[in-house]
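As stored in start.cif (mmCIF, C-alpha atoms and all ligand atoms):
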data_entry
loop_
_atom_site.label_atom_id
_atom_site.label_comp_id
_atom_site.auth_asym_id
_atom_site.auth_seq_id
_atom_site.Cartn_x
_atom_site.Cartn_y
_atom_site.Cartn_z
CA MET A 2 89.12 123.31 90.19
CA SER A 3 87.26 125.45 92.72
CA SER A 4 83.72 126.55 91.90
CA LYS A 5 83.63 128.84 94.97
CA ILE A 6 83.83 132.44 93.73
CA ASN A 7 84.12 135.37 96.10
CA GLU A 8 81.16 137.54 96.97
CA SER A 9 82.08 140.54 94.81
CA ASP A 10 82.64 138.35 91.72
CA SER A 11 79.36 136.59 92.43
CA ALA A 12 77.51 139.92 92.74
CA GLU A 13 79.13 141.15 89.51
CA LEU A 14 78.15 137.94 87.68
CA ARG A 15 74.55 138.21 88.90
CA LYS A 16 74.34 141.84 87.77
CA ARG A 17 75.79 141.04 84.35
CA GLN A 18 73.48 138.07 83.83
CA ALA A 19 70.42 140.09 84.90
CA GLN A 20 71.33 142.91 82.49
CA PHE A 21 71.96 140.45 79.66
CA THR A 22 68.63 138.73 80.31
CA LYS A 23 66.80 142.06 79.98
CA GLU A 24 68.67 142.82 76.76
CA LEU A 25 68.04 139.36 75.25
CA HIS A 26 64.45 138.67 76.36
CA GLY A 27 63.07 142.19 76.91
CA ASP A 28 60.76 143.28 79.72
CA ASP A 29 57.65 141.24 78.99
CA ILE A 30 58.84 137.77 80.07
CA GLY A 31 56.18 135.08 80.38
CA SER A 32 53.33 136.12 78.14
CA LYS A 33 55.08 134.66 75.05
CA THR A 34 56.33 131.06 74.83
CA GLY A 35 57.88 128.79 72.22
CA ILE A 36 58.43 130.12 68.70
CA SER A 37 56.71 133.47 69.36
CA ALA A 38 59.12 134.06 72.26
CA LEU A 39 62.06 133.02 70.04
CA ILE A 40 61.29 135.55 67.29
CA SER A 41 61.00 138.36 69.87
CA LYS A 42 64.62 137.98 71.01
CA ASN A 43 67.17 140.79 70.61
CA ARG A 44 69.21 139.77 67.57
CA SER A 45 72.74 140.64 68.74
CA ALA A 46 72.15 139.33 72.27
CA GLN A 47 70.87 135.99 70.91
CA LYS A 48 73.98 135.67 68.72
CA GLU A 49 76.14 136.33 71.82
CA ALA A 50 74.18 133.82 73.94
CA VAL A 51 74.56 131.07 71.32
CA ALA A 52 78.29 131.78 71.04
CA LYS A 53 78.72 131.65 74.84
CA TYR A 54 76.89 128.30 75.00
CA LEU A 55 78.76 126.67 72.14
CA LYS A 56 82.22 128.16 72.74
CA HIS A 57 83.55 125.16 74.65
CA TRP A 58 81.90 122.53 72.45
CA ASP A 59 84.59 121.94 69.83
CA GLY A 60 84.27 118.16 69.67
CA ARG A 61 87.20 117.65 72.04
CA THR A 62 86.92 115.41 75.10
CA ASP A 63 90.49 115.81 76.36
CA GLU A 64 91.08 116.89 79.97
CA THR A 65 92.01 120.48 79.09
CA SER A 66 88.76 121.03 77.17
CA GLU A 67 86.80 119.35 79.95
CA GLU A 68 88.52 121.58 82.55
CA LYS A 69 87.54 124.73 80.62
CA ARG A 70 83.89 123.58 80.49
CA LEU A 71 83.93 122.86 84.21
CA GLU A 72 85.47 126.27 85.04
CA ASP A 73 82.87 128.08 82.94
CA TYR A 74 79.89 126.03 84.19
CA ASN A 75 77.80 128.97 85.46
CA GLU A 76 77.96 131.22 82.38
CA SER A 77 77.82 128.24 80.01
CA THR A 78 74.67 126.79 81.64
CA HIS A 79 73.11 130.26 81.96
CA SER A 80 73.65 130.73 78.20
CA TYR A 81 72.41 127.22 77.38
CA TYR A 82 69.06 127.85 79.06
CA ASN A 83 68.83 131.34 77.59
CA VAL A 84 68.76 129.77 74.14
CA VAL A 85 66.90 126.48 74.71
CA THR A 86 64.10 127.37 77.15
CA ASP A 87 61.72 128.49 74.38
CA PHE A 88 62.41 125.30 72.43
CA TYR A 89 61.86 123.21 75.56
CA GLU A 90 58.46 124.85 76.13
CA TYR A 91 57.58 124.52 72.42
CA GLY A 92 58.49 120.85 72.25
CA TRP A 93 58.03 119.51 75.78
CA GLY A 94 56.07 121.79 78.13
CA SER A 95 56.91 123.52 81.41
CA SER A 96 58.46 120.55 83.21
CA PHE A 97 61.93 120.03 81.84
CA HIS A 98 62.47 116.37 82.71
CA PHE A 99 61.83 112.84 81.51
CA SER A 100 59.36 110.42 83.09
CA ARG A 101 58.42 106.77 83.27
CA PHE A 102 55.28 105.78 81.33
CA TYR A 103 52.78 102.98 81.61
CA LYS A 104 50.51 101.81 78.75
CA GLY A 105 47.55 104.15 78.21
CA GLU A 106 49.05 106.99 80.26
CA THR A 107 49.10 110.47 78.72
CA PHE A 108 52.36 112.44 78.53
CA ALA A 109 51.05 115.07 80.98
CA SER A 110 49.96 112.42 83.51
CA ALA A 111 53.33 110.67 83.29
CA VAL A 112 55.16 113.97 83.92
CA ALA A 113 52.98 114.79 86.94
CA ARG A 114 53.21 111.24 88.34
CA HIS A 115 57.02 111.39 88.14
CA GLU A 116 56.94 114.59 90.20
CA HIS A 117 54.40 113.19 92.68
CA TYR A 118 56.58 110.11 93.18
CA LEU A 119 59.64 112.19 94.09
CA ALA A 120 57.56 114.24 96.56
CA TYR A 121 56.25 110.99 98.08
CA MET A 122 59.76 109.50 98.35
CA ALA A 123 61.03 112.68 99.99
CA GLY A 124 58.15 112.52 102.50
CA ILE A 125 57.07 116.08 101.68
CA GLU A 126 54.12 117.15 103.84
CA LYS A 127 51.65 120.03 103.99
CA GLY A 128 53.35 123.10 105.44
CA ASP A 129 56.92 121.87 104.79
CA LEU A 130 59.39 124.48 103.55
CA VAL A 131 60.94 122.81 100.50
CA LEU A 132 63.81 123.81 98.23
CA ASP A 133 63.67 122.95 94.51
CA VAL A 134 67.29 122.98 93.28
CA GLY A 135 67.46 123.98 89.63
CA CYS A 136 63.73 124.68 89.35
CA GLY A 137 63.36 125.49 85.65
CA VAL A 138 60.22 127.48 84.86
CA GLY A 139 58.52 125.99 87.90
CA GLY A 140 56.58 123.08 86.38
CA PRO A 141 57.48 120.54 89.10
CA ALA A 142 57.26 123.14 91.91
CA ARG A 143 53.68 124.02 90.93
CA GLU A 144 52.70 120.35 90.71
CA ILE A 145 54.37 119.35 94.00
CA ALA A 146 52.95 122.39 95.85
CA ARG A 147 49.44 121.48 94.66
CA PHE A 148 49.94 117.76 95.39
CA THR A 149 51.34 118.11 98.93
CA GLY A 150 50.28 121.57 100.19
CA CYS A 151 53.94 122.43 100.89
CA ASN A 152 55.73 125.74 100.26
CA VAL A 153 58.46 125.68 97.64
CA ILE A 154 61.37 128.01 97.03
CA GLY A 155 62.82 127.39 93.59
CA LEU A 156 66.52 128.13 93.08
CA ASN A 157 67.82 128.80 89.57
CA ASN A 158 70.82 130.56 88.05
CA ASN A 159 68.86 131.45 84.89
CA ASP A 160 67.11 134.82 85.19
CA TYR A 161 64.79 134.21 82.21
CA GLN A 162 63.42 131.00 83.71
CA ILE A 163 62.93 132.64 87.13
CA ALA A 164 60.92 135.42 85.56
CA LYS A 165 58.81 132.84 83.72
CA ALA A 166 58.32 130.76 86.86
CA ASN A 167 57.13 133.80 88.85
CA TYR A 168 54.85 134.80 85.94
CA TYR A 169 53.25 131.33 85.96
CA SER A 170 52.87 131.40 89.77
CA LYS A 171 50.71 134.52 89.48
CA LYS A 172 48.85 133.12 86.44
CA TYR A 173 47.89 129.98 88.42
CA ASN A 174 47.35 131.84 91.71
CA LEU A 175 50.08 129.90 93.51
CA GLN A 176 52.22 132.84 94.60
CA ASP A 177 51.40 132.21 98.30
CA GLN A 178 53.02 128.77 98.11
CA LEU A 179 55.83 129.43 95.67
CA ASP A 180 58.78 131.75 95.25
CA PHE A 181 61.60 131.57 92.71
CA VAL A 182 64.99 133.10 93.39
CA LYS A 183 68.25 133.63 91.57
CA GLY A 184 71.24 131.72 92.81
CA ASP A 185 74.03 129.29 91.98
CA PHE A 186 73.46 125.91 93.60
CA MET A 187 77.24 125.71 94.12
CA ASN A 188 77.17 128.75 96.42
CA MET A 189 73.74 129.00 98.06
CA ASP A 190 72.78 132.15 100.01
CA PHE A 191 70.32 130.36 102.31
CA GLU A 192 71.03 130.07 106.04
CA PRO A 193 72.15 126.62 107.28
CA ASN A 194 69.38 124.27 108.53
CA THR A 195 66.58 126.15 106.71
CA PHE A 196 64.60 123.56 104.73
CA ASP A 197 62.53 120.57 105.85
CA LYS A 198 63.03 118.82 102.49
CA VAL A 199 65.05 119.46 99.32
CA TYR A 200 64.52 117.95 95.87
CA ALA A 201 66.27 118.26 92.54
CA ILE A 202 64.92 117.08 89.20
CA GLU A 203 67.46 116.61 86.40
CA ALA A 204 69.40 119.74 87.42
CA THR A 205 72.38 118.91 89.68
CA CYS A 206 74.02 117.15 86.72
CA HIS A 207 75.02 120.66 85.58
CA ALA A 208 77.30 120.96 88.62
CA PRO A 209 81.06 120.97 87.96
CA LYS A 210 81.49 118.82 91.06
CA LEU A 211 78.65 116.88 92.72
CA GLU A 212 80.22 117.28 96.19
CA GLY A 213 79.76 121.03 95.65
CA VAL A 214 76.01 121.08 95.06
CA TYR A 215 75.29 118.17 97.41
CA GLY A 216 77.36 119.85 100.12
CA GLU A 217 75.31 123.04 99.77
CA ILE A 218 72.09 121.00 99.94
CA PHE A 219 73.36 119.24 103.08
CA LYS A 220 74.13 122.64 104.64
CA VAL A 221 70.68 124.19 104.04
CA LEU A 222 68.71 121.08 105.08
CA LYS A 223 67.53 120.85 108.70
CA PRO A 224 69.05 117.95 110.72
CA GLY A 225 66.92 114.88 109.94
CA GLY A 226 65.78 116.54 106.69
CA VAL A 227 65.49 114.54 103.45
CA PHE A 228 66.99 115.22 100.00
CA ALA A 229 65.52 113.42 96.96
CA VAL A 230 66.98 113.68 93.49
CA TYR A 231 66.45 112.36 89.96
CA GLU A 232 70.07 112.45 88.89
CA TRP A 233 71.50 112.21 85.36
CA VAL A 234 74.38 109.74 85.46
CA MET A 235 76.28 107.36 83.25
CA THR A 236 75.42 103.91 84.63
CA ASP A 237 77.76 101.25 85.96
CA LYS A 238 77.80 99.76 82.40
CA TYR A 239 79.60 102.86 81.10
CA ASP A 240 83.31 102.60 80.22
CA ALA A 241 84.91 106.04 79.68
CA SER A 242 87.80 104.43 77.80
CA ASN A 243 85.40 103.03 75.19
CA PRO A 244 85.19 105.59 72.32
CA GLU A 245 81.59 104.59 71.49
CA HIS A 246 80.56 105.08 75.11
CA ARG A 247 82.43 108.40 75.35
CA LYS A 248 80.72 109.61 72.13
CA ILE A 249 77.29 109.05 73.66
CA ALA A 250 78.30 110.90 76.83
CA TYR A 251 79.71 113.79 74.77
CA GLU A 252 76.51 114.08 72.71
CA ILE A 253 74.54 114.29 75.96
CA GLU A 254 76.98 116.87 77.40
CA LEU A 255 76.93 119.06 74.27
CA GLY A 256 73.19 118.89 73.58
CA ASP A 257 72.16 119.41 77.20
CA GLY A 258 74.67 122.00 78.36
CA ILE A 259 76.40 119.68 80.83
CA PRO A 260 80.11 120.34 81.54
CA LYS A 261 80.79 116.69 82.38
CA MET A 262 78.53 113.65 82.73
CA PHE A 263 79.43 111.84 85.98
CA GLU A 264 79.16 108.10 86.60
CA CYS A 265 76.66 106.74 89.09
CA GLN A 266 79.27 105.75 91.66
CA VAL A 267 80.61 109.32 91.68
CA ALA A 268 77.16 110.58 92.70
CA ARG A 269 76.80 107.88 95.35
CA ASP A 270 80.22 108.70 96.83
CA ALA A 271 79.55 112.44 96.70
CA LEU A 272 76.36 112.09 98.77
CA LYS A 273 78.22 110.06 101.42
CA ASN A 274 81.28 112.34 101.39
CA VAL A 275 79.23 115.42 102.29
CA GLY A 276 77.57 113.59 105.19
CA PHE A 277 74.30 112.12 103.86
CA ASP A 278 72.94 108.69 104.78
CA ILE A 279 71.59 107.20 101.54
CA ILE A 280 68.21 105.50 102.11
CA VAL A 281 67.14 104.88 98.48
CA ASP A 282 69.48 104.20 95.56
CA GLU A 283 67.49 103.01 92.50
CA ASP A 284 67.67 103.49 88.71
CA LEU A 285 64.02 104.02 87.74
CA ALA A 286 64.98 103.58 84.08
CA ASP A 287 66.10 100.02 84.77
CA GLN A 288 62.67 98.57 85.60
CA ASP A 289 61.77 96.80 82.32
CA ASP A 290 58.95 99.27 81.66
CA GLU A 291 56.91 98.39 78.53
CA VAL A 292 57.12 102.03 77.39
CA PRO A 293 60.69 103.42 77.71
CA TRP A 294 61.32 106.93 79.13
CA TYR A 295 63.05 108.04 75.87
CA TYR A 296 60.27 106.95 73.48
CA PRO A 297 59.04 110.51 72.68
CA LEU A 298 62.46 111.17 71.13
CA THR A 299 62.32 108.00 69.03
CA GLY A 300 59.07 109.07 67.38
CA ASP A 301 58.04 105.43 67.53
CA TRP A 302 54.28 105.87 67.12
CA ARG A 303 53.65 102.40 68.60
CA TYR A 304 54.10 104.02 71.99
CA VAL A 305 51.71 106.96 71.57
CA GLN A 306 49.09 106.30 74.21
CA THR A 307 46.35 108.83 73.56
CA LEU A 308 45.09 111.18 70.82
CA SER A 309 45.93 114.18 73.04
CA ASP A 310 49.60 113.20 72.76
CA ILE A 311 49.77 113.35 68.97
CA GLY A 312 50.87 117.02 68.90
CA THR A 313 53.59 116.54 71.50
CA PHE A 314 54.96 113.43 69.85
CA PHE A 315 55.04 115.05 66.46
CA ARG A 316 57.29 117.82 67.80
CA THR A 317 59.54 115.43 69.75
CA SER A 318 59.75 112.74 67.06
CA HIS A 319 62.57 112.47 64.52
CA ILE A 320 60.35 113.72 61.69
CA GLY A 321 58.91 116.51 63.84
CA ARG A 322 62.38 117.65 64.83
CA LYS A 323 63.35 117.67 61.15
CA PHE A 324 60.31 119.84 60.42
CA THR A 325 61.27 122.24 63.24
CA ASN A 326 64.85 122.35 62.01
CA ILE A 327 63.74 123.32 58.48
CA MET A 328 61.21 125.84 59.83
CA VAL A 329 63.72 127.54 62.16
CA SER A 330 66.58 127.65 59.64
CA THR A 331 64.20 129.15 57.04
CA MET A 332 62.97 131.73 59.56
CA GLU A 333 66.60 132.56 60.42
CA ARG A 334 67.50 132.92 56.72
CA ILE A 335 64.70 135.43 56.12
CA GLY A 336 65.51 137.30 59.35
CA LEU A 337 62.37 136.24 61.23
CA ALA A 338 64.35 134.17 63.77
CA PRO A 339 67.55 135.49 65.38
CA GLU A 340 70.95 134.40 64.03
CA GLY A 341 72.17 131.24 65.78
CA SER A 342 68.71 129.70 66.23
CA SER A 343 69.43 126.86 63.80
CA LYS A 344 72.70 126.11 65.64
CA VAL A 345 70.64 125.63 68.81
CA VAL A 346 68.21 123.27 67.06
CA THR A 347 71.19 121.31 65.69
CA ALA A 348 72.66 120.99 69.20
CA LEU A 349 69.26 119.84 70.53
CA GLU A 350 69.16 117.22 67.76
CA GLU A 351 72.52 115.95 69.04
CA ALA A 352 70.99 115.80 72.52
CA ALA A 353 68.08 113.71 71.29
CA VAL A 354 70.34 111.27 69.42
CA GLY A 355 72.69 110.88 72.41
CA LEU A 356 69.86 110.45 74.91
CA VAL A 357 68.11 107.76 72.88
CA ALA A 358 71.41 105.94 72.35
CA GLY A 359 72.16 106.23 76.06
CA GLY A 360 68.71 104.96 76.97
CA GLU A 361 68.65 102.06 74.52
CA SER A 362 72.15 100.91 75.58
CA LYS A 363 71.40 101.52 79.27
CA LEU A 364 74.68 103.43 79.49
CA PHE A 365 72.78 106.51 80.73
CA THR A 366 69.84 107.20 83.00
CA PRO A 367 67.99 110.49 83.62
CA MET A 368 66.27 109.10 86.71
CA MET A 369 68.82 107.67 89.12
CA LEU A 370 66.75 108.11 92.27
CA PHE A 371 68.68 108.88 95.42
CA VAL A 372 66.89 109.65 98.68
CA ALA A 373 69.25 110.74 101.44
CA ARG A 374 68.84 111.96 104.99
CA LYS A 375 70.92 114.53 106.90
CA PRO A 376 71.73 112.88 110.26
CA LEU A 377 70.04 114.40 113.28
CA VAL A 378 73.44 114.75 114.92
CA GLU A 379 76.27 115.62 112.54
CA GLU A 380 79.15 113.15 112.89
CA PRO A 381 82.68 114.42 112.30
CA LYS A 382 83.34 113.61 108.60
CA SER A 383 86.49 111.62 109.40
CA SER A 384 84.37 109.00 111.24
CA LYS A 385 82.19 108.34 108.15
CA LYS A 386 83.08 105.15 106.22
C1 LIG B 401 69.17 119.16 80.17
C2 LIG B 401 68.60 118.30 81.23
C3 LIG B 401 69.46 117.94 82.38
C4 LIG B 401 67.31 117.85 81.17
C5 LIG B 401 66.32 118.18 80.12
C6 LIG B 401 65.56 116.92 79.71
C7 LIG B 401 64.55 117.14 78.56
C8 LIG B 401 63.38 117.98 79.05
C9 LIG B 401 65.21 117.76 77.31
C10 LIG B 401 66.46 117.00 76.87
C11 LIG B 401 66.53 117.08 75.34
C12 LIG B 401 65.43 118.10 74.99
C13 LIG B 401 64.89 118.19 73.58
C14 LIG B 401 63.67 118.81 73.36
C15 LIG B 401 62.76 119.15 74.52
C16 LIG B 401 63.36 118.98 75.94
C17 LIG B 401 64.34 117.82 76.03
C18 LIG B 401 63.63 116.50 75.77
C19 LIG B 401 63.13 119.04 71.96
C20 LIG B 401 62.10 117.94 71.68
C21 LIG B 401 62.44 120.43 71.87
C22 LIG B 401 61.98 120.74 70.42
C23 LIG B 401 63.15 120.64 69.46
O1 LIG B 401 62.66 120.87 68.12
C24 LIG B 401 63.81 119.26 69.52
C25 LIG B 401 64.31 119.01 70.95
C26 LIG B 401 65.11 117.72 71.08
C27 LIG B 401 65.80 117.71 72.47
C1 LIG B 402 66.74 120.46 82.80
S1 LIG B 402 66.35 121.83 83.77
C2 LIG B 402 65.26 121.07 84.98
C3 LIG B 402 64.38 122.09 85.59
C4 LIG B 402 63.34 121.57 86.57
N1 LIG B 402 64.00 120.79 87.63
C5 LIG B 402 62.30 120.72 85.84
O1 LIG B 402 62.34 119.49 86.04
O2 LIG B 402 61.52 121.32 85.09
C6 LIG B 402 67.82 122.13 84.75
C7 LIG B 402 67.70 123.38 85.59
O3 LIG B 402 68.86 123.54 86.43
C8 LIG B 402 69.21 124.93 86.44
N2 LIG B 402 70.64 125.08 86.78
C9 LIG B 402 71.71 124.65 86.06
N3 LIG B 402 72.85 125.00 86.68
C10 LIG B 402 72.51 125.68 87.83
C11 LIG B 402 73.24 126.29 88.89
N4 LIG B 402 74.58 126.31 88.90
N5 LIG B 402 72.55 126.87 89.91
C12 LIG B 402 71.19 126.88 89.92
N6 LIG B 402 70.43 126.33 88.93
C13 LIG B 402 71.09 125.73 87.89
C14 LIG B 402 68.90 125.39 85.03
O4 LIG B 402 68.81 126.80 84.92
C15 LIG B 402 67.55 124.68 84.80
O5 LIG B 402 66.52 125.45 85.36
#
Do you think you could lay out the structure here as structure tokens?
Ligand SMILES: CC(C)=CCC[C@@H](C)[C@H]1CC[C@H]2C3=C(CC[C@]12C)[C@@]1(C)CC[C@H](O)C[C@@H]1CC3
Ligand SMILES: C[S@@+](CC[C@H](N)C(=O)[O-])C[C@H]1O[C@@H](n2cnc3c(N)ncnc32)[C@H](O)[C@@H]1O
Amino acid sequence: MSSKINESDSAELRKRQAQFTKELHGDDIGSKTGISALISKNRSAQKEAVAKYLKHWDGRTDETSEEKRLEDYNESTHSYYNVVTDFYEYGWGSSFHFSRFYKGETFASAVARHEHYLAYMAGIEKGDLVLDVGCGVGGPAREIARFTGCNVIGLNNNDYQIAKANYYSKKYNLQDQLDFVKGDFMNMDFEPNTFDKVYAIEATCHAPKLEGVYGEIFKVLKPGGVFAVYEWVMTDKYDASNPEHRKIAYEIELGDGIPKMFECQVARDALKNVGFDIIVDEDLADQDDEVPWYYPLTGDWRYVQTLSDIGTFFRTSHIGRKFTNIMVSTMERIGLAPEGSSKVVTALEEAAVGLVAGGESKLFTPMMLFVARKPLVEEPKSSKK
């Protein structure tokens, strides 16, 4: 399956997605978030976006179904984030990733610390030109720019999120350090050898083939440059032939808009195959932390560390998700929320269930940390072991 599309198709896809974004979200992107943003959506466009996201998720895990999801990765992921971004901001905030926690640490501090750690491991310095691959609405880029003094370009194939990220840059007066641009990480427009560092936080898992996105990252990194990633992978404990294991992977794929969950070794091999030297290879979820990364989704109140977290953990907990589900389906029934909204909440519930099961069983990790360096002198690929 090739994910390389020709320039005219790519330009046509960009134009279509930009037009659809305007139709679905309107002109005033950024000032509204969460439920108020949801109820402002164009009704017919929302119905179309939900259908585009869910069209390949028919419960089947056979190769043909998987192939169709992989072929349609760009439109499918673009649609997924068109319909979940408001829920993510309502229930999680503006950094769309998990984190490690220690006792007594607030949710916001844990999220920021996770971002700081990646910047530290990548060796990001003041003045570096850094690429954020799959940048979301810019939460990590803002935090890493403030923490290191670097300049970040955020790449994203979702127009709505880019508009939000640029809105927040202006709101927080960070537009001199940050820029957010439209693009498919499988076919980057940047010149070779452009960036001092590249990072990706829980984004490259949406790629139909890891060699594709990692190869593009290798291309745009300067020789000697460093790439650091929190990768979503099925761990070495995972057995694809085990129906219980495959069910957990499918729940994660469906609920998180991922064409195919790859195993850890596939990611490791992909980094090496495109030319990287791997310098760190560590599952940060496998560190016997007292407070597990998935606890907000369990709603286990034992883990709530501070009063300020009560609101967040209500929305992310099982009971809070139930409340949101009832609220959204009622709003949809009376025409206050667009048609399809309750289908999205149902899919997100499947995500939560699959992620907790994957975390508890250690079959899945959202924070496989790889740090890899582009050699100063590029060896011919055939000579790499
Ligand atoms: C999709 C990828 C690669 C990463 C996103 C990781 C997390 C930020 C999300 C994964 C599941 C999401 C859910 C929610 C927020 C963001 C996630 C944790 C909700 C808590 C949002 C509010 C809804 O009512 C329930 C959602 C459950 C899943
Ligand atoms: C779970 S979000 C993480 C966002 C951000 N890294 C953060 O931690 O907040 C995954 C991001 O990857 C982006 N993405 C998915 N597929 C992409 C692609 N083919 N090209 C560029 N961005 C993509 C999504 O639009 C989304 O912004």
Check every protein, DNA and RNA residue against ligand LIG 402 (chain B), keep those with an atom at most 8 Å away (counting only C-alpha atoms and all ligand atoms), and present them as JSON, numbers by chain. {"A": [74, 75, 78, 79, 82, 95, 96, 97, 98, 133, 134, 135, 136, 137, 138, 139, 140, 141, 156, 157, 158, 159, 162, 183, 184, 185, 186, 187, 201, 202, 203, 204, 205, 206, 207, 208, 257]}
In Å, how far is it from atom CA of A:Gln306 to atom CA of A:Gly105?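 Taking atom CA of A:Gln306 and atom CA of A:Gly105, their separation equals 4.8 Å.
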The residue from A:Lys69, A:Lys220, A:Lys48, A:Arg322 with the smallest atom-to-atom distance to ligand LIG 401 (chain B), counting all atoms listed in the file, is A:Arg322
Which residues are close to A:Tyr173, i.e. within 9 Å by only C-alpha atoms, leaving aside same-chain residues fewer than 4 positions away? Reply as a count of residues only. 3
Residues contacting ligand LIG 401 (chain B) - anything with an atom at most 8 Å away, using only C-alpha atoms and all ligand atoms - can you give me those as a PyMOL selection string? chain A and resi 88-93+96-99+203-207+233+256-259+298+316-318+321-323+325-326+346+349-353+356+367
Box centre and edge lengths (Å, one decimal), axis-aligned, stretch 72-81 of chain A plus 4 Å each side, as AutoDock Vina command-line options:
--center_x 78.9 --center_y 128.6 --center_z 81.4 --size_x 21.1 --size_y 13.2 --size_z 16.1
Report as a PDB file with C-alpha atoms, keeping the file's coordinate frame all protein, DNA and RNA residues lying within 10 Å of A:Gly341, evaluated on only C-alpha atoms, omitting residues in the same chain fewer than 4 positions from it.
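Final output, around_13.pdb:
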ATOM      1  CA  ARG A  44      69.210 139.770  67.570  1.00  0.00           C
ATOM      2  CA  SER A  45      72.740 140.640  68.740  1.00  0.00           C
ATOM      3  CA  GLN A  47      70.870 135.990  70.910  1.00  0.00           C
ATOM      4  CA  LYS A  48      73.980 135.670  68.720  1.00  0.00           C
ATOM      5  CA  GLU A  49      76.140 136.330  71.820  1.00  0.00           C
ATOM      6  CA  ALA A  50      74.180 133.820  73.940  1.00  0.00           C
ATOM      7  CA  VAL A  51      74.560 131.070  71.320  1.00  0.00           C
ATOM      8  CA  ALA A  52      78.290 131.780  71.040  1.00  0.00           C
ATOM      9  CA  VAL A  84      68.760 129.770  74.140  1.00  0.00           C
ATOM     10  CA  VAL A 329      63.720 127.540  62.160  1.00  0.00           C
ATOM     11  CA  SER A 330      66.580 127.650  59.640  1.00  0.00           C
ATOM     12  CA  GLU A 333      66.600 132.560  60.420  1.00  0.00           C
ATOM     13  CA  VAL A 345      70.640 125.630  68.810  1.00  0.00           C
ATOM     14  CA  VAL A 346      68.210 123.270  67.060  1.00  0.00           C
ATOM     15  CA  THR A 347      71.190 121.310  65.690  1.00  0.00           C
TER      16      THR A 347
END
